[in-house]
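J.: The following file, run_3.cif, comprises mmCIF, C-alpha atoms and all ligand atoms:
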data_upload
#
loop_
_atom_site.label_atom_id
_atom_site.label_comp_id
_atom_site.auth_asym_id
_atom_site.auth_seq_id
_atom_site.Cartn_x
_atom_site.Cartn_y
_atom_site.Cartn_z
CA MET A 149 129.21 95.08 128.87
CA PRO A 150 128.70 91.44 127.87
CA PRO A 151 131.83 89.30 127.54
CA ALA A 152 133.81 89.96 124.40
CA GLY A 153 133.17 86.77 122.53
CA LYS A 154 136.24 84.68 122.06
CA VAL A 155 138.63 87.30 123.30
CA GLN A 156 139.93 86.32 126.66
CA ILE A 157 138.92 88.58 129.52
CA ARG A 158 141.67 89.06 132.03
CA THR A 159 140.40 89.70 135.51
CA LEU A 160 143.84 90.82 136.56
CA ALA A 161 143.49 93.81 134.34
CA LEU A 162 140.76 95.20 136.55
CA ILE A 163 143.13 97.21 138.65
CA CYS A 164 145.20 100.02 137.36
CA VAL A 165 147.00 102.78 139.11
CA LEU A 166 146.70 106.11 137.40
CA MET A 167 148.64 109.35 137.50
CA LEU A 168 151.46 107.97 135.46
CA ARG A 169 154.78 107.80 137.15
CA LEU A 170 157.00 105.04 138.34
CA ILE A 171 155.50 103.47 141.37
CA PRO A 172 157.82 101.79 143.83
CA VAL A 173 157.35 98.05 143.91
CA VAL A 174 159.34 96.77 146.85
CA GLY A 175 160.21 93.82 148.96
CA GLN A 176 159.38 90.17 149.23
CA GLY A 177 157.22 88.89 152.10
CA SER A 178 158.98 88.45 155.41
CA ALA A 179 160.48 85.05 156.08
CA SER A 180 158.44 84.37 159.21
CA THR A 181 154.90 84.87 157.77
CA PRO A 182 154.33 83.51 154.29
CA PRO A 183 152.61 86.12 152.12
CA GLU A 184 148.86 85.68 151.64
CA PHE A 185 148.58 87.95 148.64
CA GLU A 186 150.50 88.04 145.41
CA LEU A 187 150.22 91.77 145.51
CA VAL A 188 149.08 94.42 147.96
CA ILE A 189 148.38 97.93 146.69
CA VAL A 190 148.98 100.03 149.76
CA GLY A 191 147.29 103.27 150.72
CA GLY A 192 145.75 104.31 147.41
CA ARG A 193 142.61 106.31 146.90
CA ILE A 194 140.03 103.82 145.71
CA LEU A 195 137.49 104.87 143.12
CA ASP A 196 135.29 101.84 142.61
CA GLY A 197 133.66 102.97 139.38
CA THR A 198 130.14 103.17 140.75
CA GLY A 199 130.23 106.92 141.20
CA ASN A 200 131.03 106.72 144.90
CA PRO A 201 133.55 109.19 146.31
CA TRP A 202 137.07 107.86 146.81
CA PHE A 203 138.20 106.30 150.03
CA GLU A 204 141.63 105.34 151.20
CA ALA A 205 142.27 101.60 151.50
CA ASP A 206 144.62 98.78 150.61
CA VAL A 207 143.85 96.19 147.96
CA GLY A 208 144.91 92.53 148.24
CA ILE A 209 145.21 90.49 145.05
CA SER A 210 145.53 86.72 144.77
CA GLY A 211 145.18 84.43 141.79
CA GLY A 212 144.81 87.50 139.59
CA LYS A 213 141.72 88.65 141.50
CA ILE A 214 140.91 91.28 144.09
CA VAL A 215 140.25 89.28 147.24
CA GLU A 216 140.32 91.97 149.90
CA ILE A 217 139.86 95.70 150.20
CA GLY A 218 140.45 97.41 153.52
CA LYS A 219 143.27 97.73 155.99
CA ILE A 220 145.89 95.21 154.93
CA ASP A 221 149.31 94.83 156.43
CA ALA A 222 151.77 95.32 153.60
CA ALA A 223 153.81 92.39 154.93
CA ARG A 224 151.02 90.05 153.82
CA GLY A 225 151.86 90.71 150.19
CA LEU A 226 154.58 89.05 148.17
CA GLN A 227 154.82 92.29 146.24
CA LYS A 228 153.68 95.74 147.23
CA ILE A 229 152.82 98.87 145.35
CA TYR A 230 152.80 101.97 147.51
CA ALA A 231 150.08 104.14 146.02
CA LYS A 232 149.72 107.00 148.48
CA ASP A 233 147.94 109.95 146.82
CA LEU A 234 147.41 107.90 143.68
CA ILE A 235 144.07 106.74 142.33
CA VAL A 236 143.34 103.02 142.26
CA ALA A 237 140.44 102.34 139.91
CA PRO A 238 138.99 99.62 137.73
CA GLY A 239 140.52 99.71 134.27
CA PHE A 240 138.79 102.24 132.07
CA ILE A 241 136.59 101.11 129.19
CA ASP A 242 137.13 103.11 126.02
CA VAL A 243 133.84 102.70 124.20
CA HIS A 244 134.95 104.30 120.97
CA THR A 245 137.97 102.95 119.15
CA HIS A 246 138.92 101.84 115.65
CA LEU A 247 141.47 99.19 116.46
CA GLU A 248 141.21 97.01 113.39
CA GLY A 249 144.62 96.84 111.77
CA ALA A 250 146.23 98.72 114.66
CA ILE A 251 146.14 96.23 117.52
CA GLU A 252 147.98 93.81 115.24
CA GLN A 253 150.86 96.27 115.10
CA VAL A 254 150.86 97.15 118.79
CA PRO A 255 149.50 94.01 120.47
CA ASN A 256 150.62 95.09 123.92
CA ALA A 257 148.49 98.23 123.51
CA GLU A 258 150.83 100.25 125.71
CA ASN A 259 149.23 103.41 124.37
CA LEU A 260 145.93 102.36 125.97
CA VAL A 261 147.19 100.62 129.09
CA MET A 262 149.39 103.58 130.05
CA MET A 263 146.25 105.71 130.14
CA GLY A 264 144.50 103.22 132.39
CA VAL A 265 142.36 101.74 129.60
CA THR A 266 142.07 97.97 129.90
CA THR A 267 138.97 97.31 127.78
CA VAL A 268 138.03 98.79 124.44
CA VAL A 269 135.06 98.65 122.13
CA THR A 270 135.92 98.71 118.45
CA GLY A 271 133.94 98.29 115.22
CA ASN A 272 132.50 101.78 115.64
CA CYS A 273 131.08 104.17 113.04
CA GLY A 274 129.79 101.36 110.87
CA SER A 275 133.15 99.77 110.21
CA SER A 276 134.27 96.48 111.72
CA ALA A 277 136.20 93.35 110.89
CA GLY A 278 134.31 91.42 108.21
CA ASN A 279 134.58 88.08 109.97
CA LEU A 280 134.66 88.67 113.70
CA ALA A 281 135.34 85.06 114.70
CA GLU A 282 138.44 84.96 112.51
CA TRP A 283 139.59 88.37 113.65
CA PHE A 284 139.19 87.58 117.34
CA GLU A 285 141.10 84.37 116.81
CA SER A 286 143.93 85.98 114.89
CA ILE A 287 144.51 88.79 117.38
CA SER A 288 144.20 86.47 120.37
CA LYS A 289 146.75 83.99 119.03
CA ASN A 290 149.79 85.72 120.42
CA GLY A 291 148.01 87.57 123.18
CA ILE A 292 146.95 91.21 123.36
CA GLY A 293 147.30 93.72 126.18
CA VAL A 294 143.66 94.78 126.49
CA ASN A 295 140.23 93.21 126.42
CA ILE A 296 138.47 93.87 123.14
CA ALA A 297 134.77 93.90 122.38
CA SER A 298 133.54 94.65 118.87
CA LEU A 299 130.40 95.94 117.26
CA VAL A 300 129.41 94.72 113.81
CA GLY A 301 129.59 97.57 111.32
CA HIS A 302 126.72 98.52 109.03
CA ASN A 303 129.02 99.86 106.33
CA THR A 304 130.98 96.61 106.41
CA VAL A 305 127.93 94.41 105.91
CA ARG A 306 126.25 96.79 103.45
CA ARG A 307 129.33 96.90 101.24
CA ALA A 308 129.65 93.12 101.36
CA ALA A 309 125.96 92.59 100.55
CA MET A 310 125.51 95.28 97.87
CA GLY A 311 128.93 95.59 96.28
CA GLY A 312 129.84 98.94 94.74
CA ASP A 313 126.28 99.79 93.78
CA PHE A 314 124.80 101.23 96.92
CA ASN A 315 123.13 104.56 96.16
CA ARG A 316 119.76 102.90 96.70
CA ALA A 317 117.75 100.77 99.09
CA PRO A 318 118.84 97.14 99.30
CA THR A 319 116.81 94.48 97.51
CA PRO A 320 115.00 91.98 99.77
CA GLU A 321 117.78 89.47 99.05
CA GLU A 322 120.48 91.95 99.98
CA MET A 323 118.54 92.87 103.09
CA SER A 324 118.35 89.27 104.20
CA ARG A 325 122.06 88.81 103.44
CA MET A 326 122.81 91.76 105.71
CA ARG A 327 120.57 90.36 108.43
CA GLY A 328 122.45 87.09 108.16
CA MET A 329 125.82 88.81 108.48
CA VAL A 330 124.72 90.74 111.56
CA GLN A 331 123.34 87.57 113.09
CA ARG A 332 126.55 85.69 112.39
CA ALA A 333 128.64 88.48 113.94
CA MET A 334 126.44 88.55 117.04
CA GLU A 335 126.84 84.79 117.38
CA ASP A 336 130.59 85.30 117.05
CA GLY A 337 130.53 87.63 120.05
CA ALA A 338 129.73 91.13 118.76
CA VAL A 339 128.22 93.38 121.42
CA GLY A 340 126.00 95.32 119.05
CA PHE A 341 125.48 96.94 115.67
CA SER A 342 127.12 100.22 114.65
CA SER A 343 126.33 102.67 111.88
CA GLY A 344 128.42 105.40 110.26
CA LEU A 345 125.87 107.40 108.32
CA GLU A 346 128.22 110.14 107.15
CA TYR A 347 130.27 107.52 105.33
CA LEU A 348 129.73 105.27 102.38
CA PRO A 349 127.82 103.08 101.85
CA GLY A 350 125.80 103.72 105.00
CA ALA A 351 124.94 107.28 103.94
CA TYR A 352 122.34 105.81 101.58
CA ALA A 353 120.58 103.66 104.18
CA ASN A 354 117.24 104.74 105.55
CA ALA A 355 115.94 104.33 109.08
CA TYR A 356 113.97 101.21 108.13
CA GLU A 357 117.11 99.38 107.03
CA LEU A 358 118.95 100.41 110.19
CA THR A 359 116.06 99.36 112.41
CA GLU A 360 115.80 95.96 110.74
CA LEU A 361 119.49 95.28 111.33
CA ALA A 362 119.56 96.71 114.85
CA ARG A 363 116.65 94.37 115.62
CA VAL A 364 118.86 91.38 114.81
CA ALA A 365 121.54 92.65 117.21
CA ALA A 366 118.85 93.32 119.83
CA ARG A 367 117.80 89.66 119.77
CA TYR A 368 121.26 88.85 121.11
CA GLY A 369 121.25 91.60 123.72
CA GLY A 370 123.25 93.94 121.49
CA ILE A 371 123.16 97.71 121.39
CA TYR A 372 122.80 100.16 118.50
CA ALA A 373 125.80 102.53 118.37
CA THR A 374 125.73 105.29 115.81
CA HIS A 375 127.89 107.87 114.14
CA MET A 376 124.90 109.92 113.12
CA ARG A 377 123.86 111.08 109.67
CA ASP A 378 124.57 114.71 110.47
CA GLU A 379 126.34 116.25 113.43
CA GLY A 380 125.99 119.80 112.20
CA GLU A 381 123.04 121.74 110.92
CA PHE A 382 120.55 118.90 111.20
CA VAL A 383 121.91 117.29 114.32
CA ASP A 384 118.54 117.26 116.11
CA LYS A 385 116.98 115.26 113.28
CA SER A 386 119.87 112.82 113.51
CA VAL A 387 119.54 112.41 117.26
CA SER A 388 115.81 111.76 116.82
CA GLU A 389 116.49 109.20 114.11
CA SER A 390 119.08 107.42 116.28
CA ILE A 391 116.67 107.20 119.19
CA ALA A 392 113.82 106.04 116.95
CA VAL A 393 115.93 103.21 115.52
CA GLY A 394 116.74 101.94 119.02
CA GLU A 395 113.17 102.43 120.19
CA GLN A 396 111.74 100.43 117.31
CA ALA A 397 114.45 97.78 117.37
CA ASP A 398 114.07 97.51 121.14
CA CYS A 399 117.71 97.97 122.05
CA PRO A 400 119.87 100.47 123.92
CA VAL A 401 121.26 103.35 121.86
CA GLU A 402 124.76 104.76 122.12
CA ILE A 403 125.35 108.01 120.24
CA SER A 404 129.01 108.30 119.32
CA HIS A 405 131.09 111.49 119.65
CA PHE A 406 128.06 113.53 120.65
CA LYS A 407 128.51 117.15 119.58
CA VAL A 408 127.24 120.06 117.54
CA SER A 409 129.82 120.43 114.80
CA SER A 410 128.22 123.23 112.83
CA LYS A 411 129.56 126.54 114.05
CA LYS A 412 126.19 128.12 113.34
CA ARG A 413 124.66 125.80 115.90
CA TRP A 414 127.28 126.16 118.63
CA GLY A 415 125.64 126.93 121.93
CA THR A 416 122.55 124.86 121.13
CA ALA A 417 123.75 121.53 122.55
CA GLY A 418 121.01 121.88 125.15
CA THR A 419 118.44 121.03 122.46
CA ILE A 420 119.95 117.66 121.64
CA ILE A 421 120.66 116.86 125.28
CA LYS A 422 116.93 117.44 125.91
CA LEU A 423 116.08 114.90 123.19
CA VAL A 424 118.25 112.31 124.91
CA GLU A 425 116.82 113.15 128.33
CA ALA A 426 113.27 112.90 127.01
CA ALA A 427 114.01 109.44 125.61
CA ARG A 428 115.52 108.36 128.91
CA ASP A 429 112.43 109.67 130.71
CA ARG A 430 110.36 107.40 128.47
CA GLY A 431 112.43 104.50 129.75
CA LEU A 432 114.76 104.08 126.79
CA GLN A 433 118.38 103.33 127.45
CA VAL A 434 120.15 106.08 125.55
CA THR A 435 123.75 107.01 126.26
CA VAL A 436 126.25 109.26 124.52
CA ASP A 437 130.00 109.53 124.44
CA GLN A 438 132.14 112.58 123.89
CA TYR A 439 135.68 113.42 122.92
CA MET A 440 137.87 114.65 125.74
CA TYR A 441 139.18 117.39 123.47
CA PRO A 442 137.64 120.18 121.36
CA ALA A 443 138.23 118.52 118.01
CA SER A 444 137.13 115.62 115.89
CA SER A 445 139.05 113.16 113.83
CA THR A 446 138.18 111.50 110.57
CA GLY A 447 139.38 111.00 107.04
CA LEU A 448 139.53 113.69 104.41
CA SER A 449 136.69 112.08 102.48
CA ILE A 450 134.20 113.54 104.96
CA LEU A 451 134.70 116.92 103.24
CA PHE A 452 133.41 115.68 99.92
CA ASN A 453 130.10 114.65 98.46
CA PRO A 454 129.88 110.84 98.76
CA LEU A 455 128.90 110.63 95.08
CA LEU A 456 132.50 111.46 94.22
CA PHE A 457 133.67 108.11 95.56
CA GLU A 458 130.94 105.89 94.20
CA ALA A 459 132.28 102.65 92.79
CA GLY A 460 135.79 103.82 93.60
CA GLY A 461 135.71 106.26 90.70
CA ALA A 462 137.06 109.43 92.35
CA ASN A 463 140.29 109.47 90.36
CA GLU A 464 138.51 109.11 87.04
CA ARG A 465 135.90 111.73 87.87
CA LEU A 466 138.51 114.23 88.97
CA LYS A 467 140.19 114.14 85.60
CA ASP A 468 137.38 116.32 84.32
CA PRO A 469 138.24 119.99 85.08
CA ALA A 470 134.56 120.92 85.47
CA THR A 471 134.06 118.19 88.07
CA ARG A 472 137.17 119.28 89.93
CA GLU A 473 135.91 122.84 90.05
CA GLN A 474 132.52 121.63 91.26
CA VAL A 475 134.17 119.52 93.98
CA ARG A 476 136.19 122.52 95.11
CA LYS A 477 133.11 124.72 95.25
CA ASP A 478 131.16 122.07 97.15
CA VAL A 479 133.83 121.81 99.84
CA VAL A 480 134.00 125.55 100.26
CA ASN A 481 130.23 125.98 100.26
CA ARG A 482 129.71 123.18 102.72
CA ALA A 483 132.19 124.70 105.14
CA ARG A 484 130.48 128.08 104.78
CA ALA A 485 127.05 126.53 105.29
CA LEU A 486 128.33 125.16 108.60
CA GLY A 487 129.42 128.64 109.60
CA PHE A 488 133.15 128.39 108.94
CA ASN A 489 135.01 130.99 106.90
CA ASP A 490 137.84 128.60 106.18
CA LEU A 491 139.16 125.16 107.01
CA SER A 492 141.70 126.30 109.56
CA PHE A 493 139.96 124.23 112.22
CA ALA A 494 141.42 121.16 110.53
CA TYR A 495 144.85 119.72 111.08
CA ILE A 496 147.16 117.64 108.98
CA VAL A 497 147.63 114.33 110.72
CA ILE A 498 150.71 112.40 109.82
CA THR A 499 151.23 108.97 111.29
CA ALA A 500 154.38 106.91 111.03
CA LYS A 501 152.52 104.60 108.69
CA THR A 502 151.54 107.31 106.26
CA LEU A 503 154.70 109.37 106.45
CA ARG A 504 156.56 107.53 103.74
CA ARG A 505 153.56 107.63 101.44
CA LEU A 506 152.96 111.27 102.20
CA ARG A 507 156.52 112.22 101.34
CA VAL A 508 156.20 110.48 98.03
CA ALA A 509 152.92 112.19 97.36
CA LEU A 510 154.21 115.60 98.28
CA ARG A 511 157.27 115.17 96.14
CA THR A 512 155.02 114.24 93.28
CA ARG A 513 152.91 117.27 93.94
CA LEU A 514 155.81 119.57 93.31
CA THR A 515 156.43 118.20 89.87
CA SER A 516 153.16 116.96 88.46
CA THR A 517 149.60 117.22 89.69
CA ARG A 518 148.50 114.44 87.35
CA LYS A 519 150.08 111.71 89.42
CA LEU A 520 148.48 112.74 92.66
CA THR A 521 146.25 110.53 94.69
CA TRP A 522 142.78 111.96 94.96
CA PRO A 523 143.01 113.45 98.45
CA LEU A 524 146.02 115.48 97.54
CA THR A 525 144.49 116.48 94.26
CA CYS A 526 141.41 117.74 96.00
CA CYS A 527 143.41 119.42 98.72
CA ARG A 528 145.45 121.25 96.17
CA GLU A 529 142.41 122.40 94.29
CA VAL A 530 140.74 123.58 97.46
CA VAL A 531 143.89 125.28 98.60
CA ARG A 532 144.60 126.95 95.27
CA GLY A 533 141.15 128.34 94.87
CA TRP A 534 140.90 129.58 98.40
CA SER A 535 143.85 130.66 100.45
CA TYR A 536 146.88 128.54 101.09
CA ALA A 537 147.60 130.23 104.39
CA ARG A 538 144.14 129.50 105.64
CA CYS A 539 144.15 125.92 104.51
CA ARG A 540 147.61 124.93 105.59
CA ARG A 541 146.21 122.79 108.32
CA LEU A 542 143.74 120.99 106.10
CA MET A 543 143.21 117.52 107.40
CA LEU A 544 145.09 114.98 105.41
CA LYS A 545 144.81 111.34 106.19
CA LEU A 546 145.98 109.09 103.43
CA SER A 547 145.70 105.67 104.99
ZN ZN A 601 132.59 108.22 114.01
#
The structure in this file should be written as C-alpha cells.
T.:
Amino acid sequence: MPPAGKVQIRTLALICVLMLRLIPVVGQGSASTPPEFELVIVGGRILDGTGNPWFEADVGISGGKIVEIGKIDAARGLQKIYAKDLIVAPGFIDVHTHLEGAIEQVPNAENLVMMGVTTVVTGNCGSSAGNLAEWFESISKNGIGVNIASLVGHNTVRRAAMGGDFNRAPTPEEMSRMRGMVQRAMEDGAVGFSSGLEYLPGAYANAYELTELARVAARYGGIYATHMRDEGEFVDKSVSESIAVGEQADCPVEISHFKVSSKKRWGTAGTIIKLVEAARDRGLQVTVDQYMYPASSTGLSILFNPLLFEAGGANERLKDPATREQVRKDVVNRARALGFNDLSFAYIVITAKTLRRLRVALRTRLTSTRKLTWPLTCCREVVRGWSYARCRRLMLKLS
C-alpha cells in the first residue's frame, strides 16, 4: 500500500497484540544495566504477515521501531509486555471502510485499534471526501489513532461534475472535469479510484467512463476498487466488467465485499471465483475482499429503483399514490426475483446518531404518514402491503 498522502504514518503502530485482554506491563529496567529497548514484548507468538507459520520470539522496540526479534532478555527493556500464548502481529489493514464523518467523532479510533486494525482504506464504494487534501489536513490536525489511506470516489466526482442530472453519459466537458478531479485527488495522496455502481449517480456510468477515470488513477500507481453493478443475479457480468476496466486501464482491481447476494444463485460462487482466477492467470492483479459475517450492510435506498431519487425528488414523487404503489411492488418483486420470499434477512440498524431522529420519525408515524421522511414512508408502504411480521427487521438507516 503506498503511503497515505499527507496522513502521518506511525511506524510504532506496526505492532499490536491481539486476543483482547489486559496484558501485564511490568517493571522498569534494572538499575545496574540501562535498558536498551523502550519496550520488549516477551514470549509472544509472532505472525509476521507474510503467511509464514507463527514462531515464538521476543520483540525489542526502540525509537518507535522494531529493532530486534529473537531471544531478548526482558531486563533489556524499559517496559515489558508478557505475551505468552498471545499473537504478536503487524497491525491489520482494513481495506474497506467508510470513515468520512466518523473518524472526526472518534479520532482515537478505539473501535478499530482494539481489533488490531492500525491502517484503514476509506473512500470505498464510489464515495469519498470531495477534497482529499483538505480532509487529510483537517483530520490530522489533532491527531488520529490509525493510519488512513483514501480512494477517490466515482460517485463523488460524478455528482460534482454533472450535478443532479446524471441519468446519461457525461458530456466531453464533464468527462474532462471528472478526469481532473481524479487527477487532483491522486496528487493529494489517494491510493486509487473506487466505484459504487449500485448507487447514484454511478449506476448510470458505463464501462468506458469507468475505464477512462481508472486510467488516470493508474498513472499514479492507483488501483481500481469497485462495489460492482450487481452482486446478485448478474454477478458474473459484473465481475467481468470490473476485471475489464482494470485490464484496459492497466491497474490492479480490488472487488469489494465479494459475494453472491441473490439467493437463487447461492452455491455458485465458484463461477465468479473462476473468473478472478482466470484473470490472475493472465497476469492481472485482481484481489477481492469479503465480509467476516454472513450479512451485508448498506442504506435503505438500495431497495429502490434509483429513478425514485433522481434530482432529490423522492418525497415529491411519493406523494402520488400510484407511484407509491409502484415503488412498493418494485421492492417486493425485486426481492422475489432474487429468490427471497420476504425481507426478513434485513435488520433495522440504529446508531446513536440516528436514534434521536428515528424516535421523532417513529412518533410521527403513529400520528400522520404525511410528515414522514421517505425511507419511513416507503418502509410503511412495503410493510403494510406485505406482512408486518415478516418485515419487522427491514433495514432502516436514516443517516
Ligand atoms: Zn459497497
J.: All residues within 7 Å of ligand ZN 601 (chain A) are required, counting only C-alpha atoms and all ligand atoms; please report them as a count of residues only.
T.: 6
J.: Set the distance at 8 Å and use all atoms listed in the file: which residues neighbour Asp196 in chain A once local chain neighbours fewer than 3 positions away are removed? I'd like the list as number ranges by chain.
T.: A: 199-200, 202, 237-238
J.: Each residue of range 399-440 of chain A with at least one atom at most 8 Å from range 366-372 of chain A should appear once, together with its nearest atom pair and the corresponding distance in Å (one decimal); atoms considered: all atoms listed in the file; ordering: chain, then increasing residue number; output as CSV.
T.:
residue,atom,partner,partner_atom,distance
A:Cys399,CA,A:Ala366,CA,5.3
A:Pro400,CA,A:Ile371,CA,5.0
A:Val401,CA,A:Tyr372,CA,4.9
A:Glu402,CA,A:Tyr372,CA,6.2
J.: Go through A:Tyr356, A:Tyr347, A:Phe457, A:Phe341 one by one, measure the shortest atom-to-atom distance of each to Met376 in chain A using only C-alpha atoms, and give the residue with the smallest value.
T.: A:Tyr347
J.: Find the residues around Val393 in chain A up to 8 Å (all atoms listed in the file counted), leave out those fewer than 5 positions away in its own chain, and share them as a list in words.
T.: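 Those residues are Ala355, Tyr356, Leu358, Thr359 and Ala362 of chain A.
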J.: Which residue, A:Ile296, A:Val436, A:Ile420, A:Ala373, has the smallest gap to Leu345 in chain A when you use all atoms listed in the file?
T.: A:Ala373
J.: Write out as a VMD selection string each polymer residue whose atoms come within 10 Å of Ile421 in chain A, counting only C-alpha atoms; drop sequence neighbours fewer than 4 positions from it.
T.: chain A and resid 384 387 406 to 407 416 to 417 425 to 427 436
J.: Kindly indicate which residue among A:Gln396, A:Ser386, A:Thr270, A:Asn259 lies nearest to Ala338 in chain A, using all atoms listed in the file for the distances.
T.: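 Under the stated criterion, the closest residue is A:Thr270.
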J.: What is the CA of Asn315 in chain A-CA of Glu357 in chain A distance in Å, reported with one decimal?
T.: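 Interatomic distance, CA of Asn315 in chain A to CA of Glu357 in chain A: 13.5 Å.
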J.: Compare A:Leu226, A:Val188, A:Ser286, A:Arg325 by their minimum atom-to-atom distance to Ile214 in chain A, counting all atoms listed in the file, and give me the closest one.
T.: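 Closest candidate: A:Val188.
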J.: Between CA of Gly337 in chain A and CA of Gly394 in chain A, what is the distance, to one decimal in Å?
T.: 19.9 Å
J.: Using only C-alpha atoms, which residue out of A:Leu280, A:Leu195, A:Ala205, A:Val434 lies closest to Thr374 in chain A?
T.: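 When distances to Thr374 in chain A are compared using only C-alpha atoms, the smallest one comes from A:Val434.
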